[in-house]
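> The following file, run12.cif, comprises mmCIF, C-alpha atoms and all ligand atoms:
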```cif
data_entry
#
loop_
_atom_site.label_atom_id
_atom_site.label_comp_id
_atom_site.auth_asym_id
_atom_site.auth_seq_id
_atom_site.Cartn_x
_atom_site.Cartn_y
_atom_site.Cartn_z
CA MET A 1 61.45 133.38 101.13
CA SER A 2 65.23 133.07 101.72
CA LYS A 3 67.68 132.17 99.00
CA LEU A 4 69.70 128.99 99.61
CA PRO A 5 73.09 129.81 101.16
CA GLY A 6 76.09 128.85 99.03
CA ASN A 7 76.72 128.84 95.33
CA ALA A 8 75.37 126.50 92.63
CA GLY A 9 78.39 127.32 90.43
CA VAL A 10 78.65 127.30 86.66
CA SER A 11 78.12 124.19 84.56
CA VAL A 12 80.97 121.58 84.62
CA LEU A 13 83.70 123.94 85.95
CA GLY A 14 81.74 124.73 89.11
CA ASP A 15 81.01 121.08 89.82
CA LYS A 16 82.03 119.82 93.29
CA SER A 17 81.26 116.11 92.88
CA LEU A 18 84.89 114.99 93.06
CA GLU A 19 85.54 117.02 96.20
CA PHE A 20 82.33 115.75 97.78
CA TYR A 21 82.81 112.03 97.07
CA ARG A 22 86.49 112.19 98.09
CA ASP A 23 85.63 113.30 101.64
CA PRO A 24 81.90 113.90 102.23
CA VAL A 25 82.29 114.59 105.95
CA SER A 26 84.85 117.41 105.59
CA PHE A 27 82.83 118.72 102.64
CA TYR A 28 79.64 119.20 104.62
CA ARG A 29 81.36 120.31 107.84
CA GLU A 30 83.27 123.11 106.11
CA ARG A 31 80.14 124.42 104.41
CA ILE A 32 77.90 124.23 107.48
CA GLU A 33 80.47 126.33 109.29
CA LYS A 34 80.95 128.75 106.39
CA HIS A 35 77.24 129.30 105.69
CA ARG A 36 76.12 128.87 109.31
CA SER A 37 73.31 126.72 107.99
CA ARG A 38 72.62 122.97 107.81
CA VAL A 39 70.90 123.50 104.45
CA PHE A 40 72.99 124.97 101.62
CA GLN A 41 73.59 124.65 97.89
CA CYS A 42 76.48 123.43 95.69
CA ARG A 43 76.83 121.90 92.23
CA LEU A 44 76.75 118.09 92.39
CA LEU A 45 76.71 115.73 89.38
CA ASN A 46 76.67 118.97 87.39
CA ARG A 47 73.31 120.02 88.81
CA PRO A 48 72.55 122.77 91.35
CA THR A 49 71.89 120.73 94.49
CA THR A 50 70.47 121.42 97.93
CA PHE A 51 72.46 119.69 100.67
CA ILE A 52 70.34 118.58 103.64
CA CYS A 53 72.12 118.20 106.97
CA SER A 54 69.28 118.85 109.45
CA VAL A 55 66.61 116.49 110.80
CA GLN A 56 63.77 118.88 110.01
CA ALA A 57 64.77 119.39 106.35
CA MET A 58 65.39 115.64 105.93
CA ARG A 59 61.82 114.94 107.14
CA GLU A 60 60.48 117.56 104.72
CA LEU A 61 62.40 116.09 101.79
CA LEU A 62 61.64 112.41 102.44
CA CYS A 63 58.24 112.56 104.11
CA GLU A 64 56.13 115.72 103.84
CA LYS A 65 57.29 116.72 100.34
CA SER A 66 58.06 113.30 98.91
CA ASN A 67 55.66 113.92 96.03
CA VAL A 68 57.62 117.04 95.00
CA PHE A 69 61.13 115.63 95.41
CA GLN A 70 61.30 112.62 93.10
CA LYS A 71 63.80 109.85 92.31
CA ASP A 72 66.11 110.53 89.36
CA PRO A 73 65.39 108.04 86.52
CA THR A 74 68.78 108.85 84.93
CA ASP A 75 70.66 107.91 88.09
CA LEU A 76 73.78 105.73 87.67
CA MET A 77 71.84 102.94 89.41
CA THR A 78 69.68 102.62 86.27
CA ASN A 79 72.82 102.13 84.17
CA MET A 80 73.93 99.17 86.24
CA PHE A 81 70.72 97.58 87.47
CA GLY A 82 68.27 98.55 84.72
CA ASP A 83 64.81 99.86 85.60
CA THR A 84 64.14 98.98 89.21
CA ILE A 85 62.04 100.41 91.98
CA VAL A 86 65.02 102.49 93.13
CA THR A 87 64.72 104.94 90.21
CA THR A 88 60.97 104.70 89.55
CA ASN A 89 58.36 107.30 90.54
CA GLY A 90 54.61 107.75 90.98
CA GLU A 91 52.05 105.00 90.66
CA GLU A 92 54.53 102.56 89.14
CA ALA A 93 56.75 102.87 92.23
CA CYS A 94 53.75 102.41 94.56
CA LEU A 95 52.64 99.23 92.80
CA LEU A 96 56.16 97.82 92.70
CA ARG A 97 56.67 98.53 96.39
CA LEU A 98 53.38 96.84 97.18
CA SER A 99 54.39 93.71 95.27
CA LEU A 100 57.97 93.54 96.46
CA THR A 101 57.19 94.34 100.09
CA SER A 102 55.18 91.12 100.29
CA LEU A 103 58.47 89.28 99.77
CA PHE A 104 59.72 90.52 103.08
CA SER A 105 56.69 89.60 105.11
CA GLY A 106 55.96 86.11 103.92
CA SER A 107 56.57 82.72 105.41
CA CYS A 108 59.57 82.18 103.12
CA LEU A 109 61.57 84.49 105.35
CA GLU A 110 60.36 82.92 108.57
CA SER A 111 61.73 79.61 107.36
CA SER A 112 65.14 81.22 106.87
CA SER A 113 65.83 81.90 110.54
CA ASP A 114 67.80 78.68 111.06
CA TYR A 115 69.89 79.51 108.04
CA ILE A 116 70.61 83.04 109.28
CA THR A 117 71.55 81.83 112.76
CA SER A 118 73.80 79.06 111.45
CA VAL A 119 75.67 81.39 109.07
CA CYS A 120 76.17 83.99 111.81
CA VAL A 121 77.40 81.43 114.34
CA ARG A 122 79.76 79.71 111.89
CA CYS A 123 81.33 82.87 110.43
CA LEU A 124 81.73 84.62 113.75
CA LYS A 125 83.01 81.53 115.56
CA GLU A 126 85.71 81.14 112.93
CA LEU A 127 86.65 84.75 113.60
CA SER A 128 86.89 84.23 117.36
CA LEU A 129 89.06 81.11 116.91
CA SER A 130 91.48 82.81 114.56
CA ARG A 131 95.02 83.04 115.97
CA GLN A 132 96.06 85.96 113.80
CA PRO A 133 94.77 89.52 113.37
CA GLU A 134 91.82 89.57 110.95
CA CYS A 135 90.25 92.34 108.93
CA VAL A 136 86.80 92.18 110.52
CA TYR A 137 85.24 94.18 107.69
CA SER A 138 86.17 91.40 105.22
CA VAL A 139 84.84 88.70 107.54
CA PHE A 140 81.54 90.59 107.93
CA LYS A 141 81.28 91.19 104.21
CA ARG A 142 81.63 87.46 103.62
CA LEU A 143 78.93 86.89 106.27
CA GLY A 144 76.64 89.41 104.54
CA THR A 145 77.26 87.82 101.16
CA GLU A 146 76.44 84.36 102.53
CA LEU A 147 73.19 85.69 104.00
CA VAL A 148 72.15 87.55 100.87
CA LEU A 149 73.00 84.82 98.34
CA GLY A 150 71.52 82.09 100.53
CA LEU A 151 68.29 83.95 101.23
CA PHE A 152 67.64 85.67 97.92
CA LEU A 153 69.13 83.19 95.43
CA ASN A 154 69.11 79.83 97.28
CA VAL A 155 72.90 79.59 96.80
CA ARG A 156 74.51 78.47 100.03
CA ALA A 157 78.29 78.69 100.38
CA GLU A 158 78.59 75.35 102.16
CA GLU A 159 76.48 73.46 99.62
CA GLN A 160 77.70 75.07 96.35
CA PRO A 161 81.09 76.65 97.14
CA GLU A 162 82.14 77.14 93.50
CA LEU A 163 78.92 78.76 92.36
CA PHE A 164 78.94 80.89 95.52
CA GLN A 165 82.49 82.05 94.75
CA GLU A 166 81.67 82.79 91.12
CA ILE A 167 78.61 84.89 91.99
CA THR A 168 80.51 86.76 94.71
CA GLN A 169 83.25 87.73 92.26
CA LEU A 170 80.75 88.76 89.61
CA CYS A 171 78.86 90.93 92.12
CA THR A 172 82.11 92.66 93.11
CA GLN A 173 83.05 93.33 89.46
CA HIS A 174 79.57 94.59 88.79
CA TRP A 175 79.72 96.91 91.79
CA HIS A 176 83.17 98.28 90.90
CA GLY A 177 81.77 99.21 87.49
CA LEU A 178 78.99 101.14 89.15
CA ILE A 179 81.48 103.38 90.87
CA SER A 180 83.87 103.70 87.91
CA ALA A 181 83.36 106.13 85.01
CA PRO A 182 80.68 104.84 82.60
CA VAL A 183 83.05 104.39 79.67
CA ASN A 184 82.67 101.12 77.81
CA VAL A 185 86.14 100.59 76.28
CA LYS A 186 87.75 97.31 75.36
CA VAL A 187 91.18 96.92 73.76
CA PRO A 188 93.36 93.77 73.63
CA LEU A 189 94.65 92.90 77.14
CA TRP A 190 92.71 95.75 78.79
CA SER A 191 89.09 96.60 79.35
CA SER A 192 87.63 99.47 81.36
CA GLY A 193 86.07 98.74 84.75
CA PHE A 194 82.74 99.69 83.30
CA SER A 195 82.90 97.20 80.44
CA THR A 196 84.05 94.44 82.86
CA ALA A 197 81.05 95.39 84.99
CA LEU A 198 78.67 95.06 82.04
CA GLU A 199 80.08 91.61 81.26
CA ALA A 200 79.69 90.62 84.93
CA ARG A 201 76.09 91.87 84.84
CA ASP A 202 75.31 89.69 81.79
CA LYS A 203 76.75 86.60 83.49
CA LEU A 204 74.84 87.34 86.70
CA MET A 205 71.63 87.78 84.70
CA ASP A 206 72.13 84.32 83.12
CA ILE A 207 72.48 82.75 86.58
CA ILE A 208 69.47 84.69 87.89
CA LYS A 209 67.24 83.76 84.94
CA ASP A 210 68.20 80.11 85.34
CA LYS A 211 67.21 80.30 89.01
CA LEU A 212 63.94 82.03 88.22
CA GLU A 213 63.07 79.34 85.67
CA ASN A 214 63.99 76.34 87.78
CA ASP A 215 63.73 77.16 91.52
CA THR A 216 60.31 76.97 93.09
CA GLN A 217 61.53 77.38 96.69
CA GLY A 218 62.19 80.35 98.95
CA PHE A 219 62.51 83.94 97.89
CA VAL A 220 63.09 83.14 94.18
CA GLY A 221 60.00 80.95 94.13
CA THR A 222 57.86 83.68 95.70
CA LEU A 223 59.32 86.40 93.48
CA ARG A 224 58.44 84.61 90.27
CA SER A 225 54.82 84.26 91.37
CA LEU A 226 54.40 88.01 92.04
CA PRO A 227 52.30 90.23 89.74
CA LEU A 228 55.10 92.30 88.17
CA PRO A 229 54.81 94.60 85.12
CA ASP A 230 57.04 92.62 82.73
CA SER A 231 59.22 89.52 82.46
CA SER A 232 62.54 91.31 83.12
CA CYS A 233 61.28 92.96 86.31
CA ALA A 234 61.92 89.97 88.61
CA SER A 235 65.45 89.39 87.28
CA GLN A 236 66.41 93.10 87.45
CA HIS A 237 65.28 93.21 91.08
CA LEU A 238 67.10 90.03 91.99
CA LEU A 239 70.23 91.60 90.51
CA LEU A 240 69.68 94.57 92.81
CA PHE A 241 68.99 92.46 95.91
CA ILE A 242 72.13 90.33 95.51
CA SER A 243 74.34 93.33 94.68
CA ALA A 244 77.48 93.93 96.73
CA LEU A 245 75.75 96.97 98.26
CA ILE A 246 73.86 95.10 100.98
CA PRO A 247 76.80 93.00 102.31
CA LYS A 248 78.88 96.17 102.31
CA ALA A 249 76.28 98.03 104.34
CA LEU A 250 75.97 95.14 106.77
CA ALA A 251 79.74 94.83 107.11
CA SER A 252 80.00 98.55 107.76
CA LEU A 253 77.43 98.40 110.59
CA LEU A 254 79.00 95.31 112.17
CA THR A 255 82.49 96.78 111.98
CA SER A 256 81.31 99.96 113.68
CA PHE A 257 79.52 97.86 116.31
CA THR A 258 82.71 95.87 116.95
CA LEU A 259 84.86 98.98 117.24
CA ALA A 260 82.37 100.63 119.60
CA LEU A 261 82.11 97.62 121.92
CA SER A 262 85.53 96.01 121.94
CA GLY A 263 88.32 96.59 124.47
CA ASN A 264 88.51 96.25 128.24
CA GLU A 265 86.86 99.60 128.97
CA GLN A 266 83.68 98.47 127.16
CA GLU A 267 83.27 95.29 129.20
CA GLU A 268 80.38 96.65 131.22
CA LYS A 269 78.50 97.74 128.07
CA ARG A 270 78.99 94.27 126.53
CA ARG A 271 77.73 92.54 129.67
CA ARG A 272 74.64 94.74 129.78
CA ALA A 273 73.95 94.25 126.09
CA ILE A 274 74.08 90.45 126.45
CA GLU A 275 71.69 90.52 129.39
CA ASP A 276 69.31 93.23 128.22
CA PRO A 277 67.96 93.19 124.62
CA ASP A 278 66.54 96.71 125.10
CA TYR A 279 70.02 97.98 125.83
CA LEU A 280 71.43 96.12 122.81
CA HIS A 281 68.71 97.78 120.74
CA ARG A 282 69.83 101.21 121.97
CA ILE A 283 73.43 100.37 121.15
CA LEU A 284 72.45 99.38 117.61
CA LEU A 285 70.51 102.63 117.17
CA GLU A 286 73.52 104.60 118.35
CA VAL A 287 75.83 102.67 115.98
CA GLN A 288 73.64 103.46 112.97
CA ARG A 289 73.26 107.06 114.12
CA LEU A 290 76.99 107.73 114.33
CA TRP A 291 78.19 105.56 111.45
CA PRO A 292 75.43 105.15 108.82
CA PRO A 293 76.65 102.85 106.01
CA PHE A 294 75.42 104.98 103.10
CA ILE A 295 75.96 108.68 102.43
CA GLY A 296 72.20 109.20 101.98
CA GLY A 297 69.95 109.59 98.95
CA ARG A 298 69.24 112.00 96.12
CA ARG A 299 66.05 113.52 94.70
CA ILE A 300 65.11 116.07 92.01
CA ALA A 301 62.58 118.90 92.58
CA ASP A 302 59.60 118.34 90.31
CA LYS A 303 58.41 121.93 90.88
CA ASP A 304 59.41 125.05 92.82
CA SER A 305 59.36 124.29 96.54
CA THR A 306 61.09 124.96 99.87
CA LEU A 307 63.36 123.00 102.19
CA GLY A 308 64.30 124.21 105.66
CA GLY A 309 62.68 127.57 104.82
CA PHE A 310 64.80 128.13 101.67
CA HIS A 311 63.50 128.41 98.12
CA VAL A 312 64.36 125.35 95.98
CA PRO A 313 63.69 125.92 92.25
CA LYS A 314 62.27 123.22 89.97
CA GLY A 315 65.02 120.99 88.52
CA TYR A 316 67.33 121.41 91.53
CA GLY A 317 68.76 118.26 93.07
CA ALA A 318 68.49 117.57 96.82
CA ILE A 319 70.73 115.20 98.73
CA TYR A 320 70.37 114.22 102.39
CA ILE A 321 73.60 113.37 104.22
CA SER A 322 72.79 110.84 106.96
CA HIS A 323 76.09 111.39 108.81
CA ALA A 324 75.23 115.10 109.12
CA VAL A 325 71.48 114.72 109.80
CA HIS A 326 72.32 112.31 112.65
CA ARG A 327 74.55 114.96 114.22
CA ASP A 328 71.99 117.75 114.14
CA PRO A 329 72.50 119.36 117.59
CA GLU A 330 68.87 120.56 117.60
CA VAL A 331 67.82 116.93 118.10
CA PHE A 332 70.90 115.05 119.31
CA GLN A 333 72.73 116.62 122.26
CA GLN A 334 76.48 115.89 122.35
CA PRO A 335 76.04 114.67 118.78
CA ASP A 336 79.51 113.17 118.33
CA ASN A 337 79.41 111.08 121.50
CA PHE A 338 78.43 107.39 121.64
CA LEU A 339 75.59 107.51 124.17
CA PRO A 340 73.18 104.53 123.86
CA GLU A 341 71.30 105.91 126.89
CA ARG A 342 69.99 108.82 124.82
CA TRP A 343 67.47 106.36 123.26
CA SER A 344 65.82 105.74 126.63
CA GLY A 345 66.11 109.39 127.67
CA ARG A 346 65.82 112.58 125.63
CA ASN A 347 65.62 110.79 122.26
CA ALA A 348 63.26 107.99 123.32
CA GLY A 349 60.75 107.28 120.56
CA GLN A 350 62.70 109.37 118.02
CA GLU A 351 64.04 106.55 115.86
CA HIS A 352 62.22 108.19 112.93
CA PHE A 353 64.74 111.04 113.08
CA LEU A 354 67.37 108.62 111.80
CA CYS A 355 67.76 108.09 108.06
CA SER A 356 70.37 105.32 107.68
CA PHE A 357 67.61 103.38 105.92
CA GLY A 358 65.99 106.42 104.32
CA SER A 359 62.62 107.60 105.60
CA GLY A 360 59.03 108.12 104.45
CA PRO A 361 57.35 106.41 101.52
CA ARG A 362 60.64 105.59 99.75
CA SER A 363 62.50 104.17 102.74
CA CYS A 364 64.36 100.87 102.59
CA ILE A 365 62.14 98.08 101.37
CA GLY A 366 63.87 95.52 103.60
CA SER A 367 61.96 97.00 106.56
CA LYS A 368 59.32 94.30 106.86
CA LEU A 369 61.99 91.66 107.36
CA ASN A 370 62.35 92.67 110.97
CA ASP A 371 58.67 92.35 111.80
CA VAL A 372 58.69 88.78 110.56
CA PHE A 373 61.65 87.85 112.66
CA LEU A 374 60.40 89.60 115.76
CA LYS A 375 57.56 87.10 115.88
CA LEU A 376 59.86 84.10 115.85
CA GLU A 377 59.75 82.18 119.08
CA ARG A 378 62.93 80.36 118.29
CA LEU A 379 64.88 83.60 118.54
CA PRO A 380 63.55 84.89 121.88
CA ALA A 381 66.38 87.38 122.27
CA LEU A 382 65.03 89.23 119.27
CA GLN A 383 61.49 89.65 120.51
CA PRO A 384 61.75 92.85 122.52
CA VAL A 385 63.77 94.50 119.84
CA CYS A 386 61.96 96.91 117.62
CA LEU A 387 64.47 98.34 115.21
CA CYS A 388 62.56 100.56 112.88
CA GLN A 389 64.27 99.15 109.84
CA GLY A 390 63.79 95.51 109.13
CA VAL A 391 66.94 94.50 107.42
CA CYS A 392 68.56 95.04 110.77
CA ILE A 393 67.55 91.50 111.55
CA PHE A 394 70.80 90.56 109.86
CA PHE A 395 72.52 93.20 111.86
CA PHE A 396 70.79 92.25 115.07
CA SER A 397 71.24 88.51 114.91
CA SER A 398 74.86 88.88 113.86
CA ALA A 399 75.42 91.54 116.51
CA ALA A 400 73.86 89.32 119.18
CA VAL A 401 76.08 86.38 118.24
CA LEU A 402 79.08 88.63 117.86
CA LEU A 403 78.69 89.95 121.40
CA SER A 404 79.44 86.56 122.87
CA PHE A 405 82.75 86.42 120.99
CA LEU A 406 84.06 89.94 121.53
CA PRO A 407 87.25 90.14 123.59
C1 LIG B 501 72.24 97.28 106.15
C2 LIG B 501 71.52 97.14 105.06
C3 LIG B 501 70.79 98.22 104.31
C4 LIG B 501 70.88 99.59 104.38
C5 LIG B 501 71.80 100.43 105.27
C6 LIG B 501 69.92 100.13 103.45
C7 LIG B 501 69.70 101.49 103.23
C8 LIG B 501 68.77 102.01 102.37
C9 LIG B 501 68.50 103.43 102.19
C10 LIG B 501 69.24 104.59 102.90
C11 LIG B 501 67.51 103.55 101.29
C12 LIG B 501 66.84 104.86 100.84
C13 LIG B 501 67.59 105.50 99.68
C14 LIG B 501 66.98 106.84 99.27
O1 LIG B 501 66.41 107.55 100.11
O2 LIG B 501 67.10 107.21 98.10
C15 LIG B 501 67.16 102.21 100.87
C16 LIG B 501 66.22 101.93 99.92
C17 LIG B 501 66.01 100.67 99.42
N1 LIG B 501 66.50 99.49 99.94
FE1 LIG B 501 67.81 99.29 101.44
N2 LIG B 501 69.27 99.10 102.84
C18 LIG B 501 69.76 97.92 103.34
C19 LIG B 501 69.36 96.66 102.99
C20 LIG B 501 68.43 96.35 102.03
C21 LIG B 501 67.97 95.02 101.68
C22 LIG B 501 68.39 93.71 102.38
C23 LIG B 501 67.12 95.16 100.64
C24 LIG B 501 66.34 94.13 99.87
C25 LIG B 501 66.73 92.95 99.62
C26 LIG B 501 67.02 96.58 100.35
C27 LIG B 501 66.27 97.11 99.33
C28 LIG B 501 66.04 98.46 99.15
C29 LIG B 501 65.24 99.01 98.08
C30 LIG B 501 64.56 98.21 96.96
C31 LIG B 501 65.20 100.40 98.24
C32 LIG B 501 64.50 101.43 97.36
C33 LIG B 501 63.09 101.66 97.87
C34 LIG B 501 62.36 102.69 97.02
O3 LIG B 501 62.99 103.42 96.25
O4 LIG B 501 61.12 102.79 97.14
N3 LIG B 501 67.83 97.26 101.21
N4 LIG B 501 67.94 101.30 101.55
#
```
Represent the supplied structure as C-alpha cells.

Amino acid sequence: MSKLPGNAGVSVLGDKSLEFYRDPVSFYRERIEKHRSRVFQCRLLNRPTTFICSVQAMRELLCEKSNVFQKDPTDLMTNMFGDTIVTTNGEEACLLRLSLTSLFSGSCLESSSDYITSVCVRCLKELSLSRQPECVYSVFKRLGTELVLGLFLNVRAEEQPELFQEITQLCTQHWHGLISAPVNVKVPLWSSGFSTALEARDKLMDIIKDKLENDTQGFVGTLRSLPLPDSSCASQHLLLFISALIPKALASLLTSFTLALSGNEQEEKRRRAIEDPDYLHRILLEVQRLWPPFIGGRRIADKDSTLGGFHVPKGYGAIYISHAVHRDPEVFQQPDNFLPERWSGRNAGQEHFLCSFGSGPRSCIGSKLNDVFLKLERLPALQPVCLCQGVCIFFFSSAAVLLSFLP
C-alpha cells in the first residue's frame, strides 16, 4: 500500500496550521501540484493529517469509512459549545441525531414559512431600495440572524428589537472567541477575546435557559419535550443552533449567488431562473459547488486504514477541503467555470458528490428542513426544487426573492 505523499513534519515546529488557515486555497493548490496527488499529508493542529481534495476520497472518509474516521471530542467546538452532537461519536451520536432530526421535520417548521418569507422580503426589499452602495454580505448576515433567532429562539427583530440586538452581539463575541487563541486572561481595562467569549456564552446560556423554561411554542417548545440525555443538552444545542456560524454560512452563499448573477451580462440567466425553478436549483448547486461556505470537516483515524489508496495510520487526522473536492477534474469538467447546465448534463444526479453540507451519516442535520418546506403549497415555487441539503430552504427562499430585486 502506498505511503501518503508529503511530510507530516515534526511536532510543533513542523506544524502548518497558520499557513493553512491564512490561505487554504493556495495551500492545497500548491501541494496538489507538488505531490501530483489530491490526497497528501501535512501537520495540522500539531497532528499528522491527511488532506482530502478528491471526490472519491471524500466519499470514503465521510461515507464508506465513517466508522473508522471519527469526530474529535477535543475539538475547539467543544470548548465553546460544550458537549454537542458535533463532537460526539458512536451510539450517543446516533441517538442524538435521531432526537434532534425530528426538530427539522415537524409541524413547528411548517408553521414558520410565513415568517421566513416575510423576513426575506423585508430585508431584501430594503436592500433594493437603498440609494447608496451596500455591503451585501452584512445585509445577508442580518437576514440570516433574523431567520435563525426567530425560528430557533422565538426572538423576532421586529417584535423585540433590543433583545434581538443583545443576542446578536453576544453571538458575535462568542464566535470571535472561538476563532481566537483559547487563553482566558483578564486584566483591568483589557480582557482576551477568549475570556470575552466565555462571558458572552454565559449570558447567552441565561437567555436560552429562560426561554427553555418559559416558552412552549415553536422550536424551543419542541426541543424541551425531546428525550435528551441530560438537562444541559437542550441548552447546549440551542447555543450551537443560534451561533453566528449559520448566518455567516447563509450570507456567504447569498453573496456568491448575487455576485454570480448580477450585472447586465447575466440578465438572461436571471430571467431563466425566475421562470424555471429547475434552472434556479442548478444555479444554487453550482454556487455551493464553487464557493462552499465552510472549509470542510475534520476526523481522526480510530485504527489503521486507507484513503484514496494511501495508508493512513491510527491517530492521524483527516480533513476534507470542500473547495478542492468540488474542483476534482475527474468528476467536474472545467472545474473552475460557473456552468449551471452541468447539473442537467454530465453531472445530473451527482449532487452527492458535493460536500458543502458534509456527507454520509454525519452530514448537516439541517437537511430535513428542506423536505418540510418542499411540501408547502403556499410556496409553490419551491416545490420542484430538491436541494439535497435542507437548510438551503433559507438559501432558496432568499435566493428566489433576491432574484426579483437584482439589477
Ligand atoms: C448554510 C448553512 C449551513 C451549512 C453550509 C452547513 C454545513 C455543515 C457541514 C459542512 C457539516 C458537516 C461537518 C463535518 O463533516 O464535520 C454540518 C454539520 C452539522 N450542521 Fe450544518 N450547515 C448549515 C446550517 C445548519 C443549520 C441551520 C443547522 C441546525 C440548526 C445545522 C446543524 C448542524 C449540525 C448539528 C451538524 C453536525 C451533525 C453531526 O455531527 O452529526 N447546520 N453542517
> Using only C-alpha atoms, which residues sit within 8 Å of Leu153 (chain A) once same-chain residues fewer than 3 positions away are excluded, as a ChimeraX atom specification?
/A:148-150,208,211,219-220,238,242
> Residues within 8 Å of ligand LIG 501 (chain B) (all atoms listed in the file), as JSON, numbers by chain?
{"A": [62, 71, 84, 85, 86, 87, 88, 93, 94, 97, 148, 152, 237, 240, 241, 242, 245, 246, 247, 248, 249, 250, 251, 253, 292, 293, 294, 295, 296, 297, 298, 299, 355, 356, 357, 358, 359, 361, 362, 363, 364, 365, 366, 367, 391, 392, 394, 395]}
> Which is closer to Phe81 (chain A) than all the others in A:Asp278, A:Asp304, A:Glu19, A:Asp202, using all atoms listed in the file?
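Using all atoms listed in the file, Phe81 (chain A) sits closest to A:Asp202.
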> So what do you get for CA of Val139 (chain A) versus CA of Cys123 (chain A), distance-wise?
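Calculated distance between CA of Val139 (chain A) and CA of Cys123 (chain A) is 7.4 Å.
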> Could you pull the residues within 12 Å of region 327-342 of chain A, counting all atoms listed in the file, minus those fewer than 2 positions along the same chain, as a PyMOL selection string?
chain A and resi 25+28-29+32+37-39+52-58+256-257+259-261+266+269+272-273+278-292+321-325+344-355
> How far is it from CA of Leu45 (chain A) to CA of Leu307 (chain A), in Å with one decimal?
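Computed distance, CA of Leu45 (chain A) to CA of Leu307 (chain A), equals 19.9 Å.
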> Give me, as a ChimeraX atom specification, all polymer residues having an atom no more than 8 Å from Glu146 (chain A), counting all atoms listed in the file and skipping those fewer than 3 positions away in the same chain.
/A:119,142-143,149-150,156-157
> One decimal, in Å: what's the spacing between CA of Lys16 (chain A) and CA of Met1 (chain A)?
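Distance between the two atoms: 25.9 Å.
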> For a quick check of understanding, using only C-alpha atoms, which of A:Leu151, A:Val136, A:Leu204, A:Cys42 has the smallest distance to His174 (chain A)?
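Of all the options, A:Leu204 lies closest to His174 (chain A).
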> Select, from A:Lys314, A:Ser252, A:Phe40, A:Gly263, the residue with the minimum atom-to-atom distance to Ser138 (chain A), counting only C-alpha atoms.
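Among the listed residues, A:Ser252 lies closest to Ser138 (chain A).
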> Emit region 49-53 of chain A of the structure in the block as a file comprising all heavy atoms, as a PDB file, in the first residue's frame.

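Contents of part_15.pdb, freshly written:
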```pdb
ATOM      1  N   THR A  49      -1.765  14.891   9.419  1.00  0.00           N
ATOM      2  CA  THR A  49      -3.139  14.971   8.895  1.00  0.00           C
ATOM      3  C   THR A  49      -3.187  14.673   7.403  1.00  0.00           C
ATOM      4  O   THR A  49      -2.363  15.182   6.637  1.00  0.00           O
ATOM      5  CB  THR A  49      -3.719  16.386   9.166  1.00  0.00           C
ATOM      6  OG1 THR A  49      -3.754  16.585  10.573  1.00  0.00           O
ATOM      7  CG2 THR A  49      -5.115  16.554   8.616  1.00  0.00           C
ATOM      8  N   THR A  50      -4.153  13.866   7.018  1.00  0.00           N
ATOM      9  CA  THR A  50      -4.382  13.567   5.605  1.00  0.00           C
ATOM     10  C   THR A  50      -5.319  14.639   5.031  1.00  0.00           C
ATOM     11  O   THR A  50      -6.405  14.863   5.577  1.00  0.00           O
ATOM     12  CB  THR A  50      -5.079  12.195   5.465  1.00  0.00           C
ATOM     13  OG1 THR A  50      -4.417  11.278   6.309  1.00  0.00           O
ATOM     14  CG2 THR A  50      -5.081  11.713   4.041  1.00  0.00           C
ATOM     15  N   PHE A  51      -4.886  15.280   3.962  1.00  0.00           N
ATOM     16  CA  PHE A  51      -5.724  16.281   3.304  1.00  0.00           C
ATOM     17  C   PHE A  51      -6.456  15.613   2.142  1.00  0.00           C
ATOM     18  O   PHE A  51      -5.830  14.968   1.298  1.00  0.00           O
ATOM     19  CB  PHE A  51      -4.861  17.450   2.804  1.00  0.00           C
ATOM     20  CG  PHE A  51      -4.491  18.396   3.909  1.00  0.00           C
ATOM     21  CD1 PHE A  51      -3.588  18.026   4.886  1.00  0.00           C
ATOM     22  CD2 PHE A  51      -5.067  19.660   3.977  1.00  0.00           C
ATOM     23  CE1 PHE A  51      -3.254  18.891   5.924  1.00  0.00           C
ATOM     24  CE2 PHE A  51      -4.737  20.535   5.005  1.00  0.00           C
ATOM     25  CZ  PHE A  51      -3.833  20.149   5.975  1.00  0.00           C
ATOM     26  N   ILE A  52      -7.785  15.794   2.117  1.00  0.00           N
ATOM     27  CA  ILE A  52      -8.609  15.137   1.098  1.00  0.00           C
ATOM     28  C   ILE A  52      -9.137  16.184   0.123  1.00  0.00           C
ATOM     29  O   ILE A  52      -9.904  17.074   0.508  1.00  0.00           O
ATOM     30  CB  ILE A  52      -9.824  14.442   1.774  1.00  0.00           C
ATOM     31  CG1 ILE A  52      -9.367  13.458   2.850  1.00  0.00           C
ATOM     32  CG2 ILE A  52     -10.730  13.786   0.754  1.00  0.00           C
ATOM     33  CD1 ILE A  52      -8.608  12.287   2.345  1.00  0.00           C
ATOM     34  N   CYS A  53      -8.722  16.059  -1.128  1.00  0.00           N
ATOM     35  CA  CYS A  53      -9.149  17.029  -2.145  1.00  0.00           C
ATOM     36  C   CYS A  53      -9.819  16.340  -3.336  1.00  0.00           C
ATOM     37  O   CYS A  53     -10.018  16.974  -4.377  1.00  0.00           O
ATOM     38  CB  CYS A  53      -7.946  17.834  -2.634  1.00  0.00           C
ATOM     39  SG  CYS A  53      -7.078  18.692  -1.320  1.00  0.00           S
TER      40      CYS A  53
END
```
